[in-house]
Every structure is written in structure tokens, then in C-alpha cells.
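See below for the structure under consideration.
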Amino acid sequence: MKIVDDAPSGLSALDRPNSYIGRAVPRPNLARLTQGRGQYVSDVVLPRMAHVAFARSPHAHARIVKIDTAAAKKSPGVIAVVTGAELAKVITPWVGVLSHLKGIKSAPQNAIAVDTACWQGEAVCAVVARTRAEAEDAVELVQIDYQELPPVTDPETALDAGTPVIHAALGDNLTFERKLDVGEVDKALAAADAVVETTFVFGRHTGVTNEPRAVVADWNPGDQRLTVYHGTQAPHMTQNLFAKHLGLEEHQVRVLTKDVGGSFGIKVHIYADEMATVALSKLLKRPVKFVADRIESFVTDIHARDHRVKAKIAVTKDGTITAFEIDDLTGIGPYSVYPRTSGIEANQIVNLVGGPYTCPNYRGHARVVFQNKNVMCQYRAVGHPIATAVTEGLVELAAAKIGMDPLEIRRRNLFADNAYPAQSAAGLKFEALSHHASLDKLVTMMNYDALRAEQKALRERGVHRGIGFASFIEVTNPSAAFYGVGGARITSQDGATVKLDAQGAIIVHSGVTEQGQGADAVIAQCVASAFGVAIDKVRVITGDTDNTPYGGGTWASRAAGIGGEAAWQAGKALRQNVLAVAGSILQAKPEDLDIRNGVVVDKGTVTERLDLAELARIAYFRPDTLPPGFQPELMATRHYVPRGWPFAFTNGIQASYLEVDTDTGFVTLLKHWCVEDCGTIINPQLVDEQVRGGVVQGIGAALFEHCRYDERGQMLNGNMADYLVPMACEMPDIEVGHMVSPTADSELGAKGAGEAGTAGAPGSVMNAINDALRPLGAIPLCEMPFTPDRILHALMPGFRNS
Amino acid sequence: MSERMVEIALTVNGEPVSERVDARKTLVDFLREDLSLTGSHVGCEHGVCGACTVRVDGLVVRGCLMLVAQCDGARVETIEGVSDAGEIADLQAAFTQRNALQCGFCTPGMLLTAQELLLRGGAPSREVIREHLSGNYCRCTGYHAIVDAVESVAKARAGDGQ
């Protein structure tokens with residue numbers, strides 16, 4: 001394997017041989033994937049495996065009056081037709097609440113709806129058949145009588161007295177409410193030289209993973225064990241949930257996660273149809289497979305970002321930001337999603353608004369309400385794109401109002417780079433950030449002054465280009481503060497087990513998971529570097545609850561910062577163990593030896609003494625030749641959890657450069673920049689590609705993606721022809737730069753990088769569009785996605801000041 | 001049932017295949033379920049995402065929009081065959097070196113579509129590459145790295161006089 005020696009100066013804390021930290025090591029699993037030899041859950045086939053398809057509610061809200069399964073049961077290939085009431089005897093319902101979100105409430109949710117269907121797409125009856133096609137044929141024959149109930153769809157009226165309550169036992173449609181009032185907001189608003197007040201609206205959108213959700217469940221009554229092949233980000237979490245709700249112990253459940261065709265937070269939750277699939281396997285005593293088709297994905301994969309945020313900013317003439325105020329309202333569907341809840345996104349928005357800035361006065365209010373649409377929950381960069389767009393939208397509107405350059409107002413308000421540790425008005429604790437250095441780097445990368453000159457020159461020729469920015473912070477490396485303290489069995493610690501095999505190669509078992517982001521490569525880099533071996537001698541195994549240390553998996557950008565540190569520590573521990581063996585063989589002191597490139601050497605002279613294959617041969621096959629009482633330990637396990645800080649905050653800034661066609665309303669993206677600071681960079685290529693992919697996901701939200709619903713709760717565009725996603729031809733090249741502020745919480749100092757792109761992109765695109773249109777007198781666009789229709793309306797004189 | 005079944009004979013990756021297939025079965029389902037060629041993926045089943053891209057008689061097609069019954073007498077090539085033949089080894093290497101894939105689910109289709117462009121020769125611009133790949137959905141990469149990889153192979157092949 002060719003190692004590109006491109007370690008940027010200052011990034012590599014290590015000068016040992018086999019130091020892969022800071023290097024763009026190609027990922028070990030790519031050959032398989034480029035040859036079409038990956039194994040995704042949708043590829044898994046087991047003996048006696050049956051397929052399940054679901055009859056799903058066509059109504060947003062309806063009582064299930066009667067289900068007649070007789071005709072379906074006679075359909076060719078059908079093995080079983082199972083209603084919600086029948087399945088409820090096998091699997092218990094759940095409630096998606098956590099104790100640290102004070103007051104959050106939800107109703108018991110069943111794997112298959114029992115009495116009432118609460119959104120269009122909720123499973124109402126399952127058909128299990130020899131093939132998926134036969135199961136779908138029979139679904140058509142399930143006769144379900146519904147009594148339609150009035151749907152609750154508009155969050156604005158969900159709490160009104162006249163609105164039906166979706167779950168009567170809860171008393172109202174309020175899921176969760178959060179209020180925060182810090183400093184003296186009213187006084188600051190009254191004293192300000194300028195106040196900008198506007199309403200930001202974010203389009204409900206979804207993850208559209210290229211491989212839809214997939215699960216194969218295999219209950220073996222002989223072993224009394226359930227094996228679940230699950231396209232998930234958190235195998236130990238789903239192991240717990242399957243066991244808990246099927247009445248099993250966790251050791252009776254094995255979750256295997258192989259290749260996963262995209263996750264982005266979509267696959268970090270448990271879904272009712274996945275619970276139904278494992279329950280059906282237990283009921284039918286055979287493997288059952290469920291793969292969502294694309295139409296099902298659109299109405300069952302979690303949606304996110306459906307928020308209406310009324311927002312204010314107060315500034316003085318010199319550009320000092322003196323207050324932020326927001327009122328957020330979000331509708332999350334009929335259930336708070338299990339087990340992470342649907343209160344986190346709004347909670348994050350309250351936490352994050354104003355986060356990059358020193359402004360001490362902040363009032364935040366968020367209400368989360370039930371409605372009869374598909375459920376919403378955490379999706380990549382949870383809450384960040386909204387908080388960032390609101391904050392950065394306000395900052396640029398305020399800058400325009402007082403006639404200040406949008407970068408200058410940021411310079412005057414961002415936390416100073418030497419101000420750390422620091423705390424935001426909302427109480428977020430920052431260990432070390434680099435807002436100003438990041439901004440300066442961005443200015444250089446994009447050649448800001450030249451770009452402004454170009455914009456001006458083109459403007460005179462009727463070409464309307466805009467430059468928009470978004471400074472951001474990002475929550476990564478979560479400690480137990482995120483879920484554990486709320487009672488969720490979602491671990492924040494992670495582990496790695498490292499062993500020397502009998503030929504001197506290194507096998508690593510890690511509790512984090514590979515979703516395509518490159519966790520396997522990062523884990524291998526950490527172990528190879530810590531141990532002292534070429535990276536192609538390291539094999540990484542993830543995604544198997546029977547064989548990996550208990551771990552949290554992949555979410556909140558934790559795989560590198562937490563899983564990588566555990567791997568690093570395990571590699572160091574094994575190195576000590578191996579040197580002890582070498583010392584006993586060589587009659588040398590272990591501290592006088594070192595391991596370089598897979599060979600035990602004298603530390604001082606680097607003279608080769610013993611290669612690892614020979615050491616392993618002796619330890620495993622001729623231990624009789626070792627000194628009496630000496631026992632080689634060629635396997636080591638280490639765990640890591642952040643303890644010093646609840647989260648390792650990262651920071652950065654993005655810029656978008658685009659052109660708006662004022663005749664058609666079309667936006668052409670010309671270039672995008674992102675400077676981010678994720679601490680120590682383990683693999684610069686993987687970090688860059690996380691940022692680029694994340695930016696494009698954020699651009700999708702800004703320009704295209706929208707789950708459109710009518711007032712009856714019917715999703716109008718639940719397919720890929722009508723729901724637009726970013727494709728290659730519309731996307732710009734994206735330049736990525738870095739600052740490096742390591743966290744002192746871990747030895748490696750790596751923070752997360754997975755969500756920075758998504759956090760900042762929508763806000764920067766919004767600001768660029770408004771920058772392009774401001775001289776034309778357009779009303780500022782604050783409602784995403786920014787479709788040509790909305791842009792033209794903003795430009796129409798009749799709509800001005802309306 | 002019997003009138004729904006169709007006898008077909010075709011070659012898949014050079015190997016002769018004779019099967020009795022359900023008339024409604026798509027080509028990609030046939031490849032995946034009947035021949036266990038799971039490198040062709042099912043992403044949307046309505047012709048938008050391009051994950052099911054295969055070659056039929058040398059042309060890139062959507063495996064989810066073609067019925068296998070239409071493939072009687074056809075020459076079908078999938079990622080497994082094209083890969084094993086070594087035809088796109090340079091492109092696969094470029095994708096690996098450039099990390100032009102993350103989850104890999106779109107990659108087989110992306111590679112076959114890119115190869116279709118590369119076979120036209122020359123060194124297409126980034127805009128042309130982006131346009132040509134615009135029927136293949138990738139949620140992970142943001143496309144930049146894919147364009148880089150295809151561009152580098154195009155330049156290398158053009159430089160080699162191919």
C-alpha cells in the first residue's frame with residue numbers, strides 16, 4: 001500500500017516509523033466496494049429466509065376498524081399474515097422519552113399499528129412470503145377498513161384548543177418545550193441601534209440513503225438466539241432494543257452490521273418495521289428479511305429539520321451583537337422516535353443559536369408538537385444547520401442594515417482565539433476553538449477582495465452573483481451527557497481489542513462502525529501507529545456484537561475521536577505486551593526495545609532483533625522455551641470515553657459563491673469553501689471528503705430537498721423523481737481548509753468531522769442568495785428550499801414589503 | 001402462472017445463462033436474486049438513482065427499468081464481470097486513491113457510467129464529467145472526488161494515446 005507522505009506540518013504529533021496519523025492512507029475496504037463485492041444487508045440471503053412486506057396506512061390518521069386477511073393468506077407463496085394485535089403478543093411497545101429532556105412525553109408505539117394509524121405510511125399489517133414480490137402481491141389482498149380521523153398537520157395550530165389531541169392519554173399535542181433566558185435580552189433590544197426580526201422556515205427533508213433500510217432477522221429456537229443482520233450505525237444499541245422488547249437477554253441477540261449503503265443518522269434509530277421484522281422471525285422461527293423500497297423509505301425513514309423559527313438580533317452601530325432571540329416551533333410526527341427521542345433537534349437549536357459569538361444576552365424558546373405526518377428525529381448535524389442558518393442569517397441581515405461587511409461583523413463578535421476555555425450564553429463549554437484563524441484562512445483561500453471586485457464588475461453587466469458566509473460550531477465526541485444521563489442504553493464509551501495473530505499481523509475489533517466514512521481506515525491508522533507496524537498488517541473488524549467491545553457505534557461524529565483513541569490506547573498496550581515477550585525471548589529489558597515496521601529492534605541502535613512472525617511462533621507454539629512463569633499476553637483491550645468536556649466542540653466557517661438568474665430564479669453554484677477545525681487530523685483525505693459530502697447534503701436542504709405534505713397529511717412527492725436530491729451536474733467544486741485545535745481530553749486530540757459540512761452549508765447558501773439579490777430590492781429569502789419560484793416571488797415588486 | 005413465465009437465453013459476463021423467468025421480473029432483480037450478482041444495487045426502482053446500472057449489448061442501462069424478459073439473446077455485463085476483465089482497473093484504482101466512494105453503494109453504477117464516458121476518448125472537462133454522471137446519485141461524497149477520479153483517468157488514458 002502506498003502511503004502518501006502528505007502530512008501537513010504540525011499535524012503529526014508523532015515522528016515514529018509507521019506513523020500514519022495525519023496521512024491520507026487509502027481505506028482498506030475500497031477494493032471490495034469498487035468490484036461490486038461488498039456485502040450489504042440487502043444482499044444477505046439465508047436458508048429458509050422469508051420476506052416481509054407491509055400493508056401501510058393510506059391515511060394520516062385513521063381508526064383501524066377491521067382487517068380481513070383471508071384472501072391474502074391464500075395468495076401464492078404466503079407464509080403468514082400478521083396484524084398488529086397478533087404481533088403485540090411477541091413484542092412489547094416502546095415510548096421514546098429520556099429523563100434529561102424535562103417534561104418530554106410520547107405515547108406507546110407498536111411495531112405494527114394496533115387500533116389507530118397515526119401517519120400515512122405506518123405499517124398496519126405484515127405479509128410474510130417466499131419472495132418479496134409474492135409478499136407484495138398478497139399485501140394488495142389484505143382488506144383493511146379504516147375510519148378516517150381528523151389529521152393534525154399544521155404545527156402552528158397543533159396546540160390550539162380546537163385541535164384534536166392525537167394521543168388522548170397525553171392530554172395535549174405538546175411533546176417537549178424548552179425555555180432559556182440568559183442576560184438582559186429586552187434591555188439589549190431596547191438599547192440597540194438596529195434590530196432585525198424575521199422568520200426562518202426550514203423544509204422538512206430526509207436522508208435518502210442510497211441503500212434503503214434493511215434488516216434480516218434469524219431467530220434460532222434451538223440456540224434460543226436471535227441473529228440480526230442490520231444496516232445500523234449502533235449495533236449494541238439495537239441489540240439492547242431487540243432483546244428488551246422480545247423478552248430476551250442481550251447475550252441472546254447478536255447484531256451484525258456489514259457494509260451499509262449510507263446512514264447519515266437515518267440508521268441510528270429503531271424503526272417500527274424493523275422491530276416487526278425481528279418479532280416475525282421469532283414468531284415464525286425462521287429468517288425474515290425486510291428491505292424498505294424507496295416509496296416506503298420516503299414515508300418511514302425519519303424526516304428532519306421541519307422548523308419555523310421566529311428570530312431577532314440586536315446590534316449597535318459598531319457592529320457589536322447585543323442580543324439573540326428565537327422562538328422555534330417544530331412538528332415531529334405522532335411519536336417521539338425511539339430511543340433517542342425527537343426532542344433533541346429543537347433542544348440543540350436552542351443550545352446552538354448564537355454559539356460562535358460572545359453576545360451575552362440570549363432568549364430561546366422551542367416547542368415540539370405532535371402531528372399526523374411521518375416521524376422526525378436526528379439526522380446528520382442534528383439542529384446545527386437550522387441554528388447556524390438562523391444565527392448567520394441574522395448576522396448578515398444585521399450587517400447589511402448597519403452597512404458593515406459581513407466578515408467584519410463576525411470579526412467583532414466571534415469568540416477570540418485566545419479566549420478559551422469559554423462558555424456561550426446558552427452555556428456551551430468550549431475547550432479550544434479557532435474562529436478568527438479559520439475566518440482569516442477562508443479569506444485567503446477564496447481571495448475575498450478579488451471575488452468582491454468580480455461580483456461588482458459583473459453586477460454592472462446584469463449578472464447577479466452573491467457571496468455568503470456561515471461561521472459554525474459543531475458538537476462532536478459526545479460524553480454520557482448526550483444520552484446516558486437521560487436513561488438511554490446508548491453508550492458514549494467505546495473500546496478496541498487488539499491481538500497479534502500467529503503470523504505477526506494485528507487484528508483489531510472495534511466498537512465503532514463503518515458507514516462509508518472510513519472508520520476502518522482510521523482505526524487501522526491508530527493501531528498501526530501506536531503499535532509500530534505497517535498498516536497493511538492491520539485488519540479491522542467492526543459491526544458484530546458477539547465479537548467487538550461494547551461500543552456506541554457511529555453518530556455525533558464520534559468514530560475517530562472516541563473509537564480512534566480507544567484503538568490508539570489498545571495499540572500501545574499490545575506494544576508493551578509484545579515487548580515483554582520479546583524481552584523474555586531476547587533476555588533484554590523491554591524498555592530497551594522498540595517495534596518498528598513490524599520488527600522488534602534495539603531502541604537505541606535500531607538493530608533488528610526479532611520479527612513479529614517469529615515472536616508469535618515462539619509465543620503460540622513454543623511457549624515451553626520461555627522462562628518459567630512467564631505468560632505472553634498477545635491481546636489487549638482498552639476503552640475510552642471523554643471525561644473532561646461534555647462534548648468536543650469543533651468550529652469552522654463556510655462560504656458560498658453563486659449566481660442567481662433573475663429571469664428564471666435558478667441558482668448556479670459556482671464554488672464553495674469550508675475551513676474547519678476538528679483538532680488532530682488522523683486522515684486528511686477522509687476529513688476533506690466528510691466535509692465535501694456534508695456540504696452537498698446541506699446544499700440539498702438549501703436548494704432542493706423538501707418532503708411536501710398537503711393539509712390532510714399526505715406526502716405529495718415521496719419518490720426520487722419528485723423529491724430532488726443534489727446530483728453531480730448541479731454541485732460546485734468544494735475547497736476545504738483546516739485549522740488544528742486538538743482536544744486535550746484524549747492523547748490523539750482528534751475531534752469529530754462528520755457533520756461540519758452539513759452544519760454550515762444551508763446558511764452560507766442562503767446568505768449568498770440574499771447577497772446576490774439585495775441590491776435588486778428583493779425581500780430577504782428565509783424559507784428553504786430556495787426554489788426558483790420562491791426566488792422569483794422575492795424579486796417581484798408586488799410582493800415587496802408584503 | 002405459466003403464461004407469466006418466459007424462457008430466455010442470454011450471456012451474463014460472458015457466461016451463457018438459460019432460465020425460465022417471471023415476465024414481470026426486472027433485470028436487476030434477476031441478476032441479484034437468480035444469479036447472486038449482488039454488485040448491481042437496487043436504490044430507487046424507478047430509474048432515478050442509477051445504483052442498478054449495468055451494460056446490455058454494450059450500452060449502459062438501468063437494471064430496474066428493463067425486464068429480464070427483454071434480455072433474451074442479449075449480452076449483459078455487470079460490475080463483477082467488467083471488474084474481473086480488468087477493463088476498469090485504472091478507474092477503480094483512481095476511485096480508491098481519491099476516496100471517490102464512501103459507502104460504495106452507488107459505486108458500481110458510477111464506475112460503469114464513468115467508463116461509458118471514458119470510452120469516448122479525449123479528456124472531458126469537469127462540466128462534461130458532471131453532466132455525464134448526473135443520472136447517478138451519490139449521497140456520500142458530494143461528487144467532487146468522483147469528478148477528480150474520472151478526470152485523472154481521462155487524462156491518463158488520453159496521455160497514453162488510447
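The way I read the labels, and the way they are meant: chains A, B, ... in the order of the C-alpha cells, residue 1 as the first residue of every chain, and ligand 1 as the first ligand shown, with later ones counted on from there.
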| task | Output as a VMD selection string the set of chain B residues within 7 Å of chain A, with distances taken over only C-alpha atoms. | result | chain B and resid 38 to 39 43 to 44 48 79 to 80 83 92 96 to 97 102 to 105 107 to 108 130 to 131 133 to 134 137 139 to 144
Can you write out the residues you just picked, keeping C-alpha atoms, as a JSON list (two decimals), in the first residue's frame?
```
[["chain", "number", "residue", "atom", "x", "y", "z"],
["B", 38, "THR", "CA", -25.22, -8.51, -5.91],
["B", 39, "GLY", "CA", -22.80, -5.87, -7.16],
["B", 43, "GLY", "CA", -31.71, 2.07, -4.84],
["B", 44, "CYS", "CA", -34.96, 3.52, -6.10],
["B", 48, "VAL", "CA", -33.57, 7.85, -10.94],
["B", 79, "ILE", "CA", -19.69, -4.72, -12.32],
["B", 80, "GLU", "CA", -18.40, -8.15, -11.36],
["B", 83, "SER", "CA", -14.10, -5.67, -12.94],
["B", 92, "GLN", "CA", -11.10, 1.54, -9.78],
["B", 96, "THR", "CA", -9.61, 4.15, -4.34],
["B", 97, "GLN", "CA", -6.70, 6.59, -4.37],
["B", 102, "GLN", "CA", -17.71, 6.23, 0.84],
["B", 103, "CYS", "CA", -20.49, 3.72, 1.42],
["B", 104, "GLY", "CA", -19.86, 2.25, -2.02],
["B", 105, "PHE", "CA", -23.50, 1.60, -2.83],
["B", 107, "THR", "CA", -20.02, 2.91, -6.94],
["B", 108, "PRO", "CA", -20.66, 0.01, -9.35],
["B", 130, "ARG", "CA", -20.51, 16.13, -14.04],
["B", 131, "GLU", "CA", -23.17, 16.19, -16.74],
["B", 133, "LEU", "CA", -22.68, 11.36, -14.15],
["B", 134, "SER", "CA", -25.79, 13.36, -13.35],
["B", 137, "TYR", "CA", -26.98, 9.54, -7.23],
["B", 139, "ARG", "CA", -25.27, 10.78, -1.13],
["B", 140, "CYS", "CA", -21.86, 10.45, 0.47],
["B", 141, "THR", "CA", -19.14, 12.19, -1.50],
["B", 142, "GLY", "CA", -20.64, 15.40, -2.81],
["B", 143, "TYR", "CA", -19.31, 14.25, -6.22],
["B", 144, "HIS", "CA", -16.11, 16.35, -6.17]]
```
| task | Identify all residues of segment 247-278 of chain A in helix (DSSP H, G or I) (DSSP on the backbone) and supply them as a PyMOL selection string. | result | chain A and resi 250-252+266-268+272-278
Keeping N, CA and C atoms, export the residues of the selection given above as a PDB file, in the first residue's frame.
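Result went into selection-v7.pdb, see below:
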```
ATOM      1  N   GLU A 250     -29.648  -9.730  26.528  1.00  0.00           N
ATOM      2  CA  GLU A 250     -28.813  -9.199  25.440  1.00  0.00           C
ATOM      3  C   GLU A 250     -27.876 -10.260  24.863  1.00  0.00           C
ATOM      4  N   HIS A 251     -27.397 -11.168  25.697  1.00  0.00           N
ATOM      5  CA  HIS A 251     -26.478 -12.174  25.161  1.00  0.00           C
ATOM      6  C   HIS A 251     -27.172 -13.145  24.202  1.00  0.00           C
ATOM      7  N   GLN A 252     -28.496 -13.088  24.181  1.00  0.00           N
ATOM      8  CA  GLN A 252     -29.221 -13.935  23.238  1.00  0.00           C
ATOM      9  C   GLN A 252     -29.375 -13.273  21.873  1.00  0.00           C
ATOM     10  N   ILE A 266     -29.926   8.504   9.630  1.00  0.00           N
ATOM     11  CA  ILE A 266     -31.174   7.797   9.326  1.00  0.00           C
ATOM     12  C   ILE A 266     -31.163   6.426  10.008  1.00  0.00           C
ATOM     13  N   LYS A 267     -30.000   5.808  10.079  1.00  0.00           N
ATOM     14  CA  LYS A 267     -29.928   4.430  10.557  1.00  0.00           C
ATOM     15  C   LYS A 267     -29.375   4.333  11.988  1.00  0.00           C
ATOM     16  N   VAL A 268     -29.637   5.370  12.786  1.00  0.00           N
ATOM     17  CA  VAL A 268     -29.196   5.323  14.184  1.00  0.00           C
ATOM     18  C   VAL A 268     -30.402   5.184  15.119  1.00  0.00           C
ATOM     19  N   ALA A 272     -40.196   0.959  13.556  1.00  0.00           N
ATOM     20  CA  ALA A 272     -41.266   0.010  13.878  1.00  0.00           C
ATOM     21  C   ALA A 272     -41.222  -1.201  12.950  1.00  0.00           C
ATOM     22  N   ASP A 273     -40.963  -0.985  11.659  1.00  0.00           N
ATOM     23  CA  ASP A 273     -40.990  -2.132  10.747  1.00  0.00           C
ATOM     24  C   ASP A 273     -39.781  -3.046  10.958  1.00  0.00           C
ATOM     25  N   GLU A 274     -38.692  -2.485  11.495  1.00  0.00           N
ATOM     26  CA  GLU A 274     -37.545  -3.340  11.839  1.00  0.00           C
ATOM     27  C   GLU A 274     -37.860  -4.181  13.082  1.00  0.00           C
ATOM     28  N   MET A 275     -38.500  -3.547  14.061  1.00  0.00           N
ATOM     29  CA  MET A 275     -38.944  -4.299  15.239  1.00  0.00           C
ATOM     30  C   MET A 275     -39.925  -5.391  14.812  1.00  0.00           C
ATOM     31  N   ALA A 276     -40.824  -5.060  13.896  1.00  0.00           N
ATOM     32  CA  ALA A 276     -41.793  -6.056  13.421  1.00  0.00           C
ATOM     33  C   ALA A 276     -41.083  -7.224  12.753  1.00  0.00           C
ATOM     34  N   THR A 277     -40.023  -6.929  12.006  1.00  0.00           N
ATOM     35  CA  THR A 277     -39.313  -7.990  11.289  1.00  0.00           C
ATOM     36  C   THR A 277     -38.647  -8.967  12.262  1.00  0.00           C
ATOM     37  N   VAL A 278     -38.004  -8.457  13.299  1.00  0.00           N
ATOM     38  CA  VAL A 278     -37.378  -9.373  14.267  1.00  0.00           C
ATOM     39  C   VAL A 278     -38.449 -10.154  15.033  1.00  0.00           C
TER      40      VAL A 278
END
```
| query | Residues at most 9 Å from segment 54-68 of chain B, counting only C-alpha atoms, excluding those fewer than 6 positions away in the same chain, as a PyMOL selection string? | reply | chain B and resi 8+21-31+40-42+44-48+74-79+108-109+112-113+116
Just the residues within 6 Å of segment 568-583 of chain A, please, counting only C-alpha atoms, with nothing from its chain fewer than 5 positions along; format it as a compact mmCIF listing (two decimals) with N, CA and C atoms, in the first residue's frame.
```txt
# COMPACT_ATOMS: atom_id res chain seq x y z
N CYS A 526 -4.64 4.28 13.63
CA CYS A 526 -4.32 4.49 15.05
C CYS A 526 -3.55 3.30 15.62
N VAL A 527 -4.01 2.10 15.29
CA VAL A 527 -3.36 0.91 15.84
C VAL A 527 -1.97 0.73 15.24
N ALA A 530 0.36 3.30 16.80
CA ALA A 530 0.66 3.09 18.21
C ALA A 530 1.51 1.84 18.41
N PHE A 531 1.25 0.82 17.61
CA PHE A 531 1.94 -0.45 17.80
C PHE A 531 3.30 -0.46 17.11
N ALA A 588 16.41 -9.33 27.22
CA ALA A 588 16.66 -7.89 27.22
C ALA A 588 15.59 -7.21 28.06
N LYS A 589 15.85 -5.98 28.46
CA LYS A 589 14.82 -5.22 29.16
C LYS A 589 13.81 -4.72 28.12
N PRO A 590 12.49 -4.90 28.34
CA PRO A 590 11.50 -4.42 27.38
C PRO A 590 11.67 -2.94 27.07
N PRO A 632 2.89 -14.99 27.97
CA PRO A 632 2.65 -13.94 26.98
C PRO A 632 1.16 -13.57 26.94
N ALA A 636 -4.91 -7.23 23.83
CA ALA A 636 -5.12 -6.16 24.80
C ALA A 636 -6.38 -5.39 24.43
N THR A 637 -7.07 -4.96 25.44
CA THR A 637 -8.29 -4.19 25.22
C THR A 637 -8.20 -2.87 25.98
N ARG A 638 -8.59 -1.82 25.33
CA ARG A 638 -8.67 -0.53 26.00
C ARG A 638 -9.98 0.16 25.61
```
| task | Give me the residues within 7 Å of segment 376-390 of chain A as a ChimeraX atom specification, counting only C-alpha atoms and dropping any in the same chain fewer than 5 places off. | result | /A:200,264-266,302-304,332-333,337,341-342,345-346,348-349,352-353,470,472,755,758-760,762-763
| Separation of atom CA of Asn351 of chain A from atom CA of Ser424 of chain A, in Å and rounded to one decimal |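 Calculated distance between atom CA of Asn351 of chain A and atom CA of Ser424 of chain A is 9.0 Å.
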| task | Apply DSSP to the backbone of this structure and, from segment 130-321 of chain A, keep only the residues in strand (DSSP E); write these as a ChimeraX atom specification. | result | /A:143-148,174-182,194-202,205-206,214-220,225-230,253-256,288-291,303-304,307-315,321
Residue subset to file, keeping C-alpha atoms, as a PDB file, in the first residue's frame:
```pdb
ATOM      1  CA  GLN A 143     -58.719  -5.857   3.278  1.00  0.00           C
ATOM      2  CA  ILE A 144     -58.463  -3.073   5.837  1.00  0.00           C
ATOM      3  CA  ASP A 145     -61.461  -0.972   6.826  1.00  0.00           C
ATOM      4  CA  TYR A 146     -60.447   2.438   8.128  1.00  0.00           C
ATOM      5  CA  GLN A 147     -62.450   5.133   9.794  1.00  0.00           C
ATOM      6  CA  GLU A 148     -60.680   8.363   8.949  1.00  0.00           C
ATOM      7  CA  LEU A 174     -47.073  19.082  23.137  1.00  0.00           C
ATOM      8  CA  THR A 175     -44.109  16.702  23.052  1.00  0.00           C
ATOM      9  CA  PHE A 176     -41.473  18.910  24.630  1.00  0.00           C
ATOM     10  CA  GLU A 177     -40.800  22.518  25.453  1.00  0.00           C
ATOM     11  CA  ARG A 178     -37.543  24.266  26.260  1.00  0.00           C
ATOM     12  CA  LYS A 179     -37.069  27.800  27.518  1.00  0.00           C
ATOM     13  CA  LEU A 180     -33.838  29.610  28.093  1.00  0.00           C
ATOM     14  CA  ASP A 181     -33.375  33.230  29.112  1.00  0.00           C
ATOM     15  CA  VAL A 182     -29.856  34.472  29.714  1.00  0.00           C
ATOM     16  CA  ALA A 194     -30.604  48.209  14.897  1.00  0.00           C
ATOM     17  CA  VAL A 195     -32.858  45.221  15.394  1.00  0.00           C
ATOM     18  CA  VAL A 196     -33.555  42.691  12.662  1.00  0.00           C
ATOM     19  CA  GLU A 197     -36.545  40.444  13.075  1.00  0.00           C
ATOM     20  CA  THR A 198     -37.532  37.755  10.654  1.00  0.00           C
ATOM     21  CA  THR A 199     -38.934  34.244  10.411  1.00  0.00           C
ATOM     22  CA  PHE A 200     -36.871  31.389   9.079  1.00  0.00           C
ATOM     23  CA  VAL A 201     -38.651  28.345   7.706  1.00  0.00           C
ATOM     24  CA  PHE A 202     -36.888  25.071   7.012  1.00  0.00           C
ATOM     25  CA  HIS A 205     -36.418  16.715   4.446  1.00  0.00           C
ATOM     26  CA  THR A 206     -34.867  13.316   4.815  1.00  0.00           C
ATOM     27  CA  ALA A 214     -32.553  -3.253   5.595  1.00  0.00           C
ATOM     28  CA  VAL A 215     -32.746  -5.965   8.228  1.00  0.00           C
ATOM     29  CA  VAL A 216     -32.566  -9.766   8.185  1.00  0.00           C
ATOM     30  CA  ALA A 217     -33.634 -11.366  11.466  1.00  0.00           C
ATOM     31  CA  ASP A 218     -32.924 -15.014  12.229  1.00  0.00           C
ATOM     32  CA  TRP A 219     -34.416 -16.483  15.404  1.00  0.00           C
ATOM     33  CA  ASN A 220     -32.974 -19.918  16.104  1.00  0.00           C
ATOM     34  CA  ARG A 225     -30.636 -16.871  19.901  1.00  0.00           C
ATOM     35  CA  LEU A 226     -31.577 -14.105  17.549  1.00  0.00           C
ATOM     36  CA  THR A 227     -29.073 -13.065  14.881  1.00  0.00           C
ATOM     37  CA  VAL A 228     -29.905  -9.788  13.189  1.00  0.00           C
ATOM     38  CA  TYR A 229     -28.117  -8.515  10.107  1.00  0.00           C
ATOM     39  CA  HIS A 230     -28.903  -4.858  10.428  1.00  0.00           C
ATOM     40  CA  VAL A 253     -29.081 -11.322  20.493  1.00  0.00           C
ATOM     41  CA  ARG A 254     -26.271 -10.859  18.008  1.00  0.00           C
ATOM     42  CA  VAL A 255     -26.354  -7.857  15.697  1.00  0.00           C
ATOM     43  CA  LEU A 256     -24.145  -7.950  12.628  1.00  0.00           C
ATOM     44  CA  VAL A 288     -37.223 -12.913   7.789  1.00  0.00           C
ATOM     45  CA  LYS A 289     -35.898 -10.130   5.590  1.00  0.00           C
ATOM     46  CA  PHE A 290     -37.172  -6.596   5.234  1.00  0.00           C
ATOM     47  CA  VAL A 291     -35.703  -4.071   2.835  1.00  0.00           C
ATOM     48  CA  HIS A 303     -37.617  13.149   8.434  1.00  0.00           C
ATOM     49  CA  ALA A 304     -35.912  16.147   9.998  1.00  0.00           C
ATOM     50  CA  HIS A 307     -38.828  24.090  11.868  1.00  0.00           C
ATOM     51  CA  ARG A 308     -40.284  27.566  11.905  1.00  0.00           C
ATOM     52  CA  VAL A 309     -38.011  29.935  13.796  1.00  0.00           C
ATOM     53  CA  LYS A 310     -39.027  33.500  14.600  1.00  0.00           C
ATOM     54  CA  ALA A 311     -35.776  35.273  15.318  1.00  0.00           C
ATOM     55  CA  LYS A 312     -34.346  38.620  16.364  1.00  0.00           C
ATOM     56  CA  ILE A 313     -30.893  40.097  16.565  1.00  0.00           C
ATOM     57  CA  ALA A 314     -29.873  43.375  18.183  1.00  0.00           C
ATOM     58  CA  VAL A 315     -26.711  45.235  17.191  1.00  0.00           C
ATOM     59  CA  ILE A 321     -24.168  41.936  18.643  1.00  0.00           C
TER      60      ILE A 321
END
```
| task | Extract, using only C-alpha atoms, all DNA, RNA and protein residues at most 12 Å from Tyr709 of chain A, discarding same-chain residues fewer than 2 positions from it, and format them as a PyMOL selection string. | result | chain A and resi 60+119-120+151-154+203-205+298-299+306+371-374+706-707+711-718+723
| said: as a list in words, please: the residues near Asp663 of chain A (cut-off 12 Å, only C-alpha atoms, same-chain neighbours under 5 positions excluded). | reply: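 My list of contacting residues is Gly462, Val463, His464, Pro788, Asp789, Ile791, Leu792, His793, Leu795 and Met796 of chain A.
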